[in-house]
$ cat model_27.cif   # mmCIF, C-alpha atoms and all ligand atoms
data_coords
#
loop_
_atom_site.group_PDB
_atom_site.id
_atom_site.type_symbol
_atom_site.label_atom_id
_atom_site.label_comp_id
_atom_site.auth_asym_id
_atom_site.auth_seq_id
_atom_site.Cartn_x
_atom_site.Cartn_y
_atom_site.Cartn_z
ATOM 1 C CA MET A 296 -24.387 73.009 5.884
ATOM 2 C CA ASP A 297 -21.230 73.976 3.982
ATOM 3 C CA VAL A 298 -18.215 75.178 5.958
ATOM 4 C CA ILE A 299 -16.077 77.262 3.630
ATOM 5 C CA HIS A 300 -12.655 78.769 4.292
ATOM 6 C CA SER A 301 -11.718 80.654 1.131
ATOM 7 C CA VAL A 302 -13.265 83.650 -0.581
ATOM 8 C CA ALA A 303 -13.088 81.927 -3.966
ATOM 9 C CA ALA A 304 -15.050 78.900 -2.714
ATOM 10 C CA LEU A 305 -17.525 81.161 -0.926
ATOM 11 C CA ARG A 306 -18.221 83.150 -4.102
ATOM 12 C CA GLU A 307 -18.682 79.968 -6.089
ATOM 13 C CA ARG A 308 -21.090 78.512 -3.510
ATOM 14 C CA LEU A 309 -23.095 81.732 -3.285
ATOM 15 C CA GLN A 310 -23.445 82.093 -7.053
ATOM 16 C CA ARG A 311 -26.334 79.674 -6.650
ATOM 17 C CA GLU A 312 -27.825 81.834 -3.882
ATOM 18 C CA PRO A 313 -28.658 85.311 -5.116
ATOM 19 C CA ASN A 314 -30.950 85.745 -2.114
ATOM 20 C CA ASN A 315 -28.934 85.449 1.061
ATOM 21 C CA VAL A 316 -29.061 86.911 4.561
ATOM 22 C CA PHE A 317 -25.890 87.362 6.564
ATOM 23 C CA VAL A 318 -24.945 87.150 10.244
ATOM 24 C CA PRO A 319 -21.305 88.211 10.852
ATOM 25 C CA THR A 320 -19.803 86.879 14.106
ATOM 26 C CA MET A 321 -16.493 86.319 15.825
ATOM 27 C CA GLY A 322 -17.555 82.827 16.900
ATOM 28 C CA ASN A 323 -17.797 81.375 20.404
ATOM 29 C CA LEU A 324 -21.501 81.358 19.733
ATOM 30 C CA HIS A 325 -24.198 81.651 22.386
ATOM 31 C CA ALA A 326 -27.987 82.007 22.458
ATOM 32 C CA GLY A 327 -27.682 85.656 21.400
ATOM 33 C CA HIS A 328 -26.150 84.606 18.088
ATOM 34 C CA ILE A 329 -28.744 81.849 17.619
ATOM 35 C CA GLN A 330 -31.426 84.511 18.059
ATOM 36 C CA LEU A 331 -29.833 86.499 15.188
ATOM 37 C CA ILE A 332 -29.955 83.357 13.048
ATOM 38 C CA ASN A 333 -33.596 82.720 13.938
ATOM 39 C CA ILE A 334 -34.393 86.254 12.796
ATOM 40 C CA ALA A 335 -32.347 85.741 9.627
ATOM 41 C CA LYS A 336 -33.680 82.394 8.477
ATOM 42 C CA PRO A 337 -37.215 83.290 7.402
ATOM 43 C CA ARG A 338 -35.887 86.281 5.436
ATOM 44 C CA ALA A 339 -33.992 84.434 2.724
ATOM 45 C CA ALA A 340 -33.464 81.101 1.020
ATOM 46 C CA CYS A 341 -29.874 80.985 2.271
ATOM 47 C CA THR A 342 -28.463 81.986 5.676
ATOM 48 C CA VAL A 343 -24.742 82.740 5.766
ATOM 49 C CA VAL A 344 -22.786 83.084 9.038
ATOM 50 C CA SER A 345 -19.175 84.228 9.168
ATOM 51 C CA ILE A 346 -16.794 83.357 11.983
ATOM 52 C CA PHE A 347 -13.711 85.535 12.038
ATOM 53 C CA VAL A 348 -11.861 87.052 14.992
ATOM 54 C CA ASN A 349 -10.906 90.381 13.487
ATOM 55 C CA ARG A 350 -7.500 91.559 14.701
ATOM 56 C CA LEU A 351 -8.139 95.045 13.283
ATOM 57 C CA GLN A 352 -10.814 95.840 15.870
ATOM 58 C CA PHE A 353 -8.722 94.889 18.924
ATOM 59 C CA GLY A 354 -6.387 97.340 20.634
ATOM 60 C CA PRO A 355 -2.776 96.307 21.369
ATOM 61 C CA ARG A 356 -3.574 95.473 25.004
ATOM 62 C CA GLU A 357 -6.930 93.841 24.370
ATOM 63 C CA ASP A 358 -7.967 90.176 24.318
ATOM 64 C CA PHE A 359 -7.320 89.262 20.642
ATOM 65 C CA GLU A 360 -4.979 86.383 21.521
ATOM 66 C CA ARG A 361 -7.163 84.876 24.228
ATOM 67 C CA TYR A 362 -10.504 85.454 22.481
ATOM 68 C CA PRO A 363 -12.147 81.984 22.524
ATOM 69 C CA ARG A 364 -11.877 80.134 19.186
ATOM 70 C CA THR A 365 -14.343 77.256 19.165
ATOM 71 C CA LEU A 366 -15.013 76.495 15.500
ATOM 72 C CA GLU A 367 -16.147 72.890 15.887
ATOM 73 C CA ALA A 368 -18.632 73.581 18.674
ATOM 74 C CA ASP A 369 -19.820 76.667 16.775
ATOM 75 C CA CYS A 370 -20.467 74.600 13.643
ATOM 76 C CA ASP A 371 -22.515 72.089 15.653
ATOM 77 C CA LYS A 372 -24.700 74.919 16.931
ATOM 78 C CA LEU A 373 -25.040 76.455 13.469
ATOM 79 C CA ARG A 374 -25.973 73.128 11.913
ATOM 80 C CA ALA A 375 -28.658 72.631 14.564
ATOM 81 C CA ALA A 376 -29.934 76.164 13.904
ATOM 82 C CA GLY A 377 -30.363 75.383 10.202
ATOM 83 C CA VAL A 378 -27.637 77.624 8.772
ATOM 84 C CA ASP A 379 -26.755 76.965 5.121
ATOM 85 C CA VAL A 380 -23.231 78.358 4.762
ATOM 86 C CA VAL A 381 -20.514 79.042 7.339
ATOM 87 C CA PHE A 382 -17.641 81.214 6.179
ATOM 88 C CA ALA A 383 -14.641 80.674 8.489
ATOM 89 C CA PRO A 384 -11.620 82.247 6.789
ATOM 90 C CA ASP A 385 -8.166 82.474 8.274
ATOM 91 C CA GLU A 386 -6.496 85.833 8.599
ATOM 92 C CA LYS A 387 -4.580 85.639 5.303
ATOM 93 C CA GLU A 388 -7.834 85.159 3.445
ATOM 94 C CA ILE A 389 -9.323 88.382 4.793
ATOM 95 C CA TYR A 390 -6.126 90.428 4.981
ATOM 96 C CA PRO A 391 -3.865 88.977 2.265
ATOM 97 C CA GLU A 392 -1.549 91.937 2.630
ATOM 98 C CA PRO A 393 -1.520 94.574 5.340
ATOM 99 C CA GLN A 394 -4.884 96.323 5.129
ATOM 100 C CA THR A 395 -3.870 99.894 4.357
ATOM 101 C CA TYR A 396 -7.238 100.979 2.951
ATOM 102 C CA VAL A 397 -9.617 101.251 5.877
ATOM 103 C CA VAL A 398 -13.076 102.635 6.565
ATOM 104 C CA GLU A 399 -13.006 105.692 8.818
ATOM 105 C CA PRO A 400 -16.484 106.146 10.272
ATOM 106 C CA SER A 401 -17.753 109.594 11.242
ATOM 107 C CA ASP A 402 -17.024 111.344 14.545
ATOM 108 C CA LEU A 403 -19.174 108.635 16.069
ATOM 109 C CA GLN A 404 -16.035 106.483 16.154
ATOM 110 C CA HIS A 405 -14.348 108.813 18.651
ATOM 111 C CA ILE A 406 -16.970 108.880 21.425
ATOM 112 C CA LEU A 407 -17.979 106.383 24.136
ATOM 113 C CA ASP A 408 -16.506 102.968 23.227
ATOM 114 C CA GLY A 409 -14.517 104.614 20.442
ATOM 115 C CA ALA A 410 -12.843 106.948 22.940
ATOM 116 C CA VAL A 411 -11.814 104.030 25.148
ATOM 117 C CA ARG A 412 -10.893 101.758 22.209
ATOM 118 C CA PRO A 413 -9.202 103.940 19.562
ATOM 119 C CA GLY A 414 -9.465 102.393 16.092
ATOM 120 C CA HIS A 415 -12.065 99.847 17.171
ATOM 121 C CA PHE A 416 -14.915 101.077 14.977
ATOM 122 C CA SER A 417 -12.644 101.598 11.998
ATOM 123 C CA GLY A 418 -11.581 97.954 12.393
ATOM 124 C CA VAL A 419 -15.194 96.790 12.698
ATOM 125 C CA SER A 420 -16.353 98.830 9.688
ATOM 126 C CA THR A 421 -13.435 97.704 7.535
ATOM 127 C CA VAL A 422 -13.998 94.006 8.144
ATOM 128 C CA VAL A 423 -17.773 94.260 7.816
ATOM 129 C CA LEU A 424 -17.443 96.097 4.493
ATOM 130 C CA LYS A 425 -15.040 93.407 3.260
ATOM 131 C CA LEU A 426 -17.351 90.629 4.434
ATOM 132 C CA PHE A 427 -20.299 92.351 2.741
ATOM 133 C CA ASN A 428 -18.276 92.426 -0.497
ATOM 134 C CA MET A 429 -17.496 88.728 -0.162
ATOM 135 C CA VAL A 430 -20.998 87.555 0.768
ATOM 136 C CA SER A 431 -23.141 90.135 -1.132
ATOM 137 C CA PRO A 432 -26.132 89.669 1.155
ATOM 138 C CA HIS A 433 -29.410 91.528 0.711
ATOM 139 C CA SER A 434 -29.674 91.905 4.473
ATOM 140 C CA ALA A 435 -27.481 91.542 7.539
ATOM 141 C CA ILE A 436 -28.396 91.173 11.214
ATOM 142 C CA PHE A 437 -26.615 92.725 14.215
ATOM 143 C CA GLY A 438 -27.407 92.624 17.931
ATOM 144 C CA LYS A 439 -28.260 95.799 19.823
ATOM 145 C CA LYS A 440 -25.981 94.903 22.723
ATOM 146 C CA ASP A 441 -23.302 96.570 20.602
ATOM 147 C CA TYR A 442 -25.443 99.675 20.249
ATOM 148 C CA GLN A 443 -22.746 102.004 18.957
ATOM 149 C CA GLN A 444 -21.561 99.358 16.483
ATOM 150 C CA CYS A 445 -25.131 99.114 15.138
ATOM 151 C CA LEU A 446 -25.218 102.870 14.544
ATOM 152 C CA VAL A 447 -21.743 102.953 12.966
ATOM 153 C CA LEU A 448 -22.657 100.151 10.552
ATOM 154 C CA THR A 449 -26.122 101.516 9.731
ATOM 155 C CA ASN A 450 -24.495 104.856 8.874
ATOM 156 C CA MET A 451 -21.799 103.143 6.801
ATOM 157 C CA VAL A 452 -24.392 101.302 4.719
ATOM 158 C CA HIS A 453 -26.353 104.509 4.244
ATOM 159 C CA GLN A 454 -23.410 106.788 3.432
ATOM 160 C CA LEU A 455 -21.663 104.319 1.120
ATOM 161 C CA ALA A 456 -24.987 103.399 -0.552
ATOM 162 C CA LEU A 457 -24.572 99.680 0.025
ATOM 163 C CA PRO A 458 -27.626 97.732 -1.205
ATOM 164 C CA ILE A 459 -28.001 95.919 2.103
ATOM 165 C CA GLU A 460 -30.779 96.123 4.660
ATOM 166 C CA ILE A 461 -29.478 96.253 8.225
ATOM 167 C CA ILE A 462 -31.718 94.537 10.764
ATOM 168 C CA LEU A 463 -31.150 95.143 14.465
ATOM 169 C CA ALA A 464 -32.071 92.519 17.042
ATOM 170 C CA ASP A 465 -32.836 92.966 20.733
ATOM 171 C CA THR A 466 -30.242 91.887 23.269
ATOM 172 C CA VAL A 467 -30.653 88.361 24.601
ATOM 173 C CA ARG A 468 -30.187 88.086 28.368
ATOM 174 C CA ALA A 469 -29.605 85.384 30.962
ATOM 175 C CA ASP A 470 -32.478 84.883 33.437
ATOM 176 C CA ASP A 471 -30.801 87.295 35.861
ATOM 177 C CA GLY A 472 -30.565 90.023 33.205
ATOM 178 C CA LEU A 473 -26.906 89.771 32.198
ATOM 179 C CA ALA A 474 -26.550 90.426 28.459
ATOM 180 C CA LEU A 475 -25.171 87.338 26.726
ATOM 181 C CA SER A 476 -21.628 87.876 25.464
ATOM 182 C CA SER A 477 -18.688 85.689 24.555
ATOM 183 C CA ARG A 478 -16.664 87.663 27.094
ATOM 184 C CA ASN A 479 -18.898 86.475 29.981
ATOM 185 C CA ALA A 480 -16.803 83.301 29.841
ATOM 186 C CA TYR A 481 -13.910 85.287 31.360
ATOM 187 C CA LEU A 482 -15.867 86.021 34.578
ATOM 188 C CA THR A 483 -15.020 84.145 37.778
ATOM 189 C CA ALA A 484 -17.940 82.609 39.710
ATOM 190 C CA ASP A 485 -18.024 85.601 42.098
ATOM 191 C CA GLU A 486 -17.895 88.083 39.235
ATOM 192 C CA ARG A 487 -20.660 86.224 37.409
ATOM 193 C CA ARG A 488 -22.873 86.653 40.498
ATOM 194 C CA GLU A 489 -22.089 90.375 40.576
ATOM 195 C CA ALA A 490 -22.396 90.958 36.814
ATOM 196 C CA PRO A 491 -26.224 91.376 36.580
ATOM 197 C CA ARG A 492 -25.911 94.587 38.620
ATOM 198 C CA LEU A 493 -24.949 96.417 35.426
ATOM 199 C CA TYR A 494 -28.291 95.756 33.741
ATOM 200 C CA GLN A 495 -30.266 96.190 36.984
ATOM 201 C CA ARG A 496 -28.725 99.621 37.415
ATOM 202 C CA LEU A 497 -29.424 100.557 33.778
ATOM 203 C CA CYS A 498 -33.062 99.540 34.293
ATOM 204 C CA ARG A 499 -33.282 101.879 37.293
ATOM 205 C CA ALA A 500 -31.799 104.723 35.245
ATOM 206 C CA ARG A 501 -34.349 104.018 32.498
ATOM 207 C CA ASP A 502 -37.170 104.050 35.074
ATOM 208 C CA GLU A 503 -35.983 107.399 36.433
ATOM 209 C CA LEU A 504 -35.985 108.857 32.919
ATOM 210 C CA ALA A 505 -39.428 107.388 32.296
ATOM 211 C CA SER A 506 -40.747 109.083 35.415
ATOM 212 C CA GLY A 507 -39.503 112.466 34.283
ATOM 213 C CA ALA A 508 -35.928 112.853 35.570
ATOM 214 C CA ARG A 509 -33.860 115.002 33.196
ATOM 215 C CA ASP A 510 -30.690 115.620 35.241
ATOM 216 C CA TYR A 511 -28.729 113.275 33.028
ATOM 217 C CA GLN A 512 -25.358 113.873 34.673
ATOM 218 C CA ARG A 513 -26.705 113.067 38.121
ATOM 219 C CA ILE A 514 -28.221 109.833 36.755
ATOM 220 C CA GLU A 515 -24.884 108.882 35.151
ATOM 221 C CA LEU A 516 -22.919 109.649 38.309
ATOM 222 C CA ASP A 517 -25.332 107.657 40.499
ATOM 223 C CA VAL A 518 -24.857 104.559 38.324
ATOM 224 C CA MET A 519 -21.074 105.083 38.224
ATOM 225 C CA SER A 520 -20.705 105.418 41.970
ATOM 226 C CA GLU A 521 -22.919 102.443 42.764
ATOM 227 C CA LEU A 522 -20.936 100.250 40.365
ATOM 228 C CA ALA A 523 -17.623 101.554 41.733
ATOM 229 C CA HIS A 524 -18.878 100.819 45.263
ATOM 230 C CA HIS A 525 -19.326 97.170 44.232
ATOM 231 C CA GLY A 526 -15.841 96.849 42.759
ATOM 232 C CA TRP A 527 -16.504 97.807 39.132
ATOM 233 C CA LYS A 528 -14.312 100.187 37.139
ATOM 234 C CA PRO A 529 -16.688 102.014 34.825
ATOM 235 C CA ASP A 530 -15.299 103.366 31.521
ATOM 236 C CA TYR A 531 -18.462 105.387 30.958
ATOM 237 C CA ILE A 532 -22.131 105.554 31.816
ATOM 238 C CA ALA A 533 -23.887 107.871 29.385
ATOM 239 C CA VAL A 534 -27.440 109.018 28.727
ATOM 240 C CA ARG A 535 -27.547 109.828 25.002
ATOM 241 C CA ARG A 536 -30.053 110.278 22.224
ATOM 242 C CA GLN A 537 -30.637 107.168 20.162
ATOM 243 C CA SER A 538 -30.218 108.760 16.750
ATOM 244 C CA ASP A 539 -26.551 109.852 17.010
ATOM 245 C CA LEU A 540 -25.405 109.113 20.583
ATOM 246 C CA GLN A 541 -24.929 112.808 21.325
ATOM 247 C CA PRO A 542 -25.971 114.258 24.705
ATOM 248 C CA PRO A 543 -29.729 114.830 24.680
ATOM 249 C CA GLN A 544 -31.191 118.306 24.188
ATOM 250 C CA ASN A 545 -34.227 119.417 26.151
ATOM 251 C CA GLY A 546 -37.361 117.587 25.189
ATOM 252 C CA GLU A 547 -35.505 114.648 23.628
ATOM 253 C CA ARG A 548 -37.736 111.588 23.882
ATOM 254 C CA CYS A 549 -35.740 108.725 22.325
ATOM 255 C CA LEU A 550 -32.887 108.110 24.724
ATOM 256 C CA VAL A 551 -30.485 105.286 25.434
ATOM 257 C CA VAL A 552 -28.360 104.687 28.503
ATOM 258 C CA LEU A 553 -25.038 103.108 27.547
ATOM 259 C CA ALA A 554 -22.526 101.524 29.877
ATOM 260 C CA ALA A 555 -19.068 99.999 29.729
ATOM 261 C CA ALA A 556 -17.390 98.820 32.896
ATOM 262 C CA ARG A 557 -14.692 96.448 33.964
ATOM 263 C CA LEU A 558 -15.355 93.709 36.488
ATOM 264 C CA GLY A 559 -12.012 92.167 37.383
ATOM 265 C CA LYS A 560 -10.268 91.555 34.067
ATOM 266 C CA THR A 561 -13.481 91.496 32.041
ATOM 267 C CA ARG A 562 -14.921 94.496 30.227
ATOM 268 C CA LEU A 563 -18.700 94.343 29.908
ATOM 269 C CA ILE A 564 -20.921 96.635 27.862
ATOM 270 C CA ASP A 565 -24.672 96.991 27.922
ATOM 271 C CA ASN A 566 -27.373 99.525 27.161
ATOM 272 C CA ILE A 567 -31.070 100.144 27.541
ATOM 273 C CA GLU A 568 -33.354 102.304 25.441
ATOM 274 C CA ALA A 569 -35.636 104.764 27.196
ATOM 275 C CA ASN A 570 -38.501 106.096 25.091
ATOM 276 C CA VAL A 571 -39.792 108.709 27.489
HETATM 277 O O1 LIG A 601 -20.114 92.123 16.751
HETATM 278 C C1 LIG A 601 -19.172 91.378 16.385
HETATM 279 O O2 LIG A 601 -19.103 90.195 16.740
HETATM 280 C C2 LIG A 601 -18.063 91.950 15.509
HETATM 281 O O3 LIG A 601 -17.794 93.272 15.843
HETATM 282 C C3 LIG A 601 -18.353 91.815 14.013
HETATM 283 C C4 LIG A 601 -19.585 92.628 13.597
HETATM 284 C C5 LIG A 601 -18.578 90.350 13.654
HETATM 285 C C6 LIG A 601 -17.160 92.346 13.193
HETATM 286 O O4 LIG A 601 -15.999 91.640 13.473
#
$ encode --input "model_27.cif" --output "structure tokens" --more "lines below"
Ligand code: PAF
Amino acid sequence: MDVIHSVAALRERLQREPNNVFVPTMGNLHAGHIQLINIAKPRAACTVVSIFVNRLQFGPREDFERYPRTLEADCDKLRAAGVDVVFAPDEKEIYPEPQTYVVEPSDLQHILDGAVRPGHFSGVSTVVLKLFNMVSPHSAIFGKKDYQQCLVLTNMVHQLALPIEIILADTVRADDGLALSSRNAYLTADERREAPRLYQRLCRARDELASGARDYQRIELDVMSELAHHGWKPDYIAVRRQSDLQPPQNGERCLVVLAAARLGKTRLIDNIEANV
């Protein structure tokens, strides 16, 4: 496995690999990332993983500084998973001068997580487009835990006609249902015990939808108030249609329930699809 830090060296290494599949990450890898790699590996001769904590997608009061940076442990995991190339640039390599040209996604960037985290999806899209230009993969894999991110990036690839197939992977969960996330490391022991409630409550909302409930607002408010009752501070709970994350019209069958809520100092997001 080659660990590469500069764009020039990456391009040289990948000249020999016209057929590569790409998994972009911010490091601090867990079983969810390894699942993305397992999906990637059979698809190409060369699997490339990037590790880069992207300042552009963090708000001024978010956790950019304390985001865990664990390159050595990450590389051990990637080696064991059979990755061919790790691209771990420093900030100057990705943003050699202030990045004044940025990708502005559609209105999708202003709703749900975008409303709570202004600029987040522009930051994600900008870095992913740059990484795509550096790696030139034929496909790239993203996890559905970041449901809105998946839609933003799928739309970007489509609208900018990038020759890259986007593959979406199911969320990997702990045995008690908690979606795996690097941010779970911030939870105290008590919070970690409480955390699975988010997914349990989403499952109940999904079951209600599956058994015919269509009073979406009531479903959202029920989840909100139960979480609040147990000490959470929900940013949003939203029943939306899968295709564009807009509120569902009557008769909509492909739904998703999305949630973002704070538990102590940690902000957790999750979602569940409901094909009703
Ligand atoms: O999902 C992530 O880890 C990040 O948003 C990504 C796609 C690597 C861009 O920084």
$ resolve_selection --input "model_27.cif" --expression "the PyMOL selection byres (((chain A and resi 461) around 9) and not hetatm)" --output "PyMOL selection string"
chain A and resi 433-437+445+448-449+452+459-460+462-463
$ closest_atom_pairs --input "model_27.cif" --of "chain A" --to "ligand LIG 601 (chain A)" --cutoff "9 Å" --atoms "all atoms listed in the file" --output "tab-separated table"
residue	atom	partner	partner_atom	distance
A:Val318	CA	A:LIG601	C5	7.9
A:Pro319	CA	A:LIG601	C5	4.5
A:Thr320	CA	A:LIG601	C5	3.7
A:Met321	CA	A:LIG601	O2	4.8
A:Gly322	CA	A:LIG601	O2	7.5
A:Ser345	CA	A:LIG601	C5	7.6
A:Ile346	CA	A:LIG601	C5	7.4
A:Phe347	CA	A:LIG601	O4	6.7
A:Val348	CA	A:LIG601	O4	6.4
A:Asn349	CA	A:LIG601	O4	5.2
A:Arg350	CA	A:LIG601	O4	8.6
A:Leu351	CA	A:LIG601	O4	8.6
A:Gln352	CA	A:LIG601	O4	7.1
A:His415	CA	A:LIG601	O3	8.8
A:Phe416	CA	A:LIG601	O3	8.4
A:Gly418	CA	A:LIG601	O4	7.8
A:Val419	CA	A:LIG601	C6	4.9
A:Ser420	CA	A:LIG601	C6	7.4
A:Thr421	CA	A:LIG601	C6	8.6
A:Val422	CA	A:LIG601	O4	6.2
A:Val423	CA	A:LIG601	C6	5.7
A:Leu426	CA	A:LIG601	C6	8.9
A:Phe437	CA	A:LIG601	O1	7.0
A:Gly438	CA	A:LIG601	O1	7.4
A:Lys440	CA	A:LIG601	O1	8.8
A:Asp441	CA	A:LIG601	O1	6.7
A:Gln444	CA	A:LIG601	O3	7.2
A:Cys445	CA	A:LIG601	C4	8.7
A:Leu448	CA	A:LIG601	C4	8.7
$ closest_residue --input "model_27.cif" --among "A:Ala554, A:Glu568, A:Glu399, A:Val430" --to "Gln310 of chain A" --atoms "all atoms listed in the file"
A:Val430
$ atom_distance --input "model_27.cif" --atom1 "atom CA of Ala464 of chain A" --atom2 "atom CA of Ile329 of chain A"
11.2 Å
$ resolve_selection --input "model_27.cif" --expression "the PyMOL selection byres (((chain A and resi 325) around 10) and not hetatm)" --output "MDAnalysis selection string"
chainID A and resid 322:324 326:330 369 372 467 475:477
$ write_last_selection --input "model_27.cif" --atoms "C-alpha atoms" --output "JSON list (two decimals), in the frame of the given file"
[["chain", "number", "residue", "atom", "x", "y", "z"],
["A", 322, "GLY", "CA", -17.56, 82.83, 16.90],
["A", 323, "ASN", "CA", -17.80, 81.38, 20.40],
["A", 324, "LEU", "CA", -21.50, 81.36, 19.73],
["A", 326, "ALA", "CA", -27.99, 82.01, 22.46],
["A", 327, "GLY", "CA", -27.68, 85.66, 21.40],
["A", 328, "HIS", "CA", -26.15, 84.61, 18.09],
["A", 329, "ILE", "CA", -28.74, 81.85, 17.62],
["A", 330, "GLN", "CA", -31.43, 84.51, 18.06],
["A", 369, "ASP", "CA", -19.82, 76.67, 16.77],
["A", 372, "LYS", "CA", -24.70, 74.92, 16.93],
["A", 467, "VAL", "CA", -30.65, 88.36, 24.60],
["A", 475, "LEU", "CA", -25.17, 87.34, 26.73],
["A", 476, "SER", "CA", -21.63, 87.88, 25.46],
["A", 477, "SER", "CA", -18.69, 85.69, 24.56]]
$ resolve_selection --input "model_27.cif" --expression "the PyMOL selection byres (((chain A and resi 309) around 10) and not hetatm)" --output "number ranges by chain"
A: 304-308, 310-315, 341, 343, 380, 429-432
$ closest_atom_pairs --input "model_27.cif" --of "segment 531-568 of chain A" --to "segment 402-410 of chain A" --cutoff "8 Å" --atoms "all atoms listed in the file" --output "JSON lines"
{"residue": "A:Tyr531", "atom": "CA", "partner": "A:Leu407", "partner_atom": "CA", "distance": 6.9}
{"residue": "A:Asp539", "atom": "CA", "partner": "A:Leu403", "partner_atom": "CA", "distance": 7.5}
{"residue": "A:Leu540", "atom": "CA", "partner": "A:Leu403", "partner_atom": "CA", "distance": 7.7}
{"residue": "A:Ala555", "atom": "CA", "partner": "A:Asp408", "partner_atom": "CA", "distance": 7.6}
$ residues_around --input "model_27.cif" --residues "Ser301 of chain A" --least-positions-apart "2" --cutoff "9 Å" --atoms "all atoms listed in the file" --output "PyMOL selection string"
chain A and resi 299+303-306+382-385+388-389
$ residues_near_point --input "model_27.cif" --point "(-28.7, 109.0, 20.6)" --cutoff "12 Å" --atoms "all atoms listed in the file" --output "MDAnalysis selection string"
chainID A and resid 403 406:407 442:443 445:447 533:544 547:553 566:570
$ axis_aligned_box --input "model_27.cif" --around "segment 356-367 of chain A" --padding-each-side "8 Å" --output "JSON"
{"center_x": -9.9, "center_y": 84.2, "center_z": 20.3, "size_x": 28.6, "size_y": 38.6, "size_z": 25.5}
$ atom_distance --input "model_27.cif" --atom1 "atom CA of Asn450 of chain A" --atom2 "atom CA of Ser401 of chain A"
8.6 Å
$ residues_around --input "model_27.cif" --residues "Ala376 of chain A" --least-positions-apart "2" --cutoff "9 Å" --atoms "only C-alpha atoms" --output "list in words"
Ile329, Ile332, Asn333, Asp371, Lys372, Leu373, Arg374 and Val378 of chain A
$ residues_near_point --input "model_27.cif" --point "(-29.0, 97.0, 32.3)" --cutoff "7 Å" --atoms "only C-alpha atoms" --output "list of chain:residue names"
A:Leu493, A:Tyr494, A:Gln495, A:Arg496, A:Leu497, A:Cys498, A:Asp565, A:Asn566, A:Ile567
$ closest_residue --input "model_27.cif" --among "A:Ala368, A:Ala474, A:Leu482, A:Met296" --to "Lys560 of chain A" --atoms "only C-alpha atoms"
A:Leu482
$ atom_distance --input "model_27.cif" --atom1 "atom CA of Glu515 of chain A" --atom2 "atom CA of Gly472 of chain A"
19.8 Å
$ residues_around --input "model_27.cif" --residues "Trp527 of chain A" --least-positions-apart "6" --cutoff "9 Å" --atoms "all atoms listed in the file" --output "VMD selection string"
chain A and resid 519 521 556 to 559
$ closest_residue --input "model_27.cif" --among "A:Asp358, A:Gly526, A:Ala500, A:Val316" --to "Gln512 of chain A" --atoms "only C-alpha atoms"
A:Ala500
$ closest_residue --input "model_27.cif" --among "A:Gln454, A:Ser520, A:Ser417, A:Asn479" --to "Pro363 of chain A" --atoms "only C-alpha atoms"
A:Asn479
$ closest_residue --input "model_27.cif" --among "A:Thr483, A:Val302, A:Thr466, A:Val571" --to "Phe427 of chain A" --atoms "all atoms listed in the file"
A:Val302
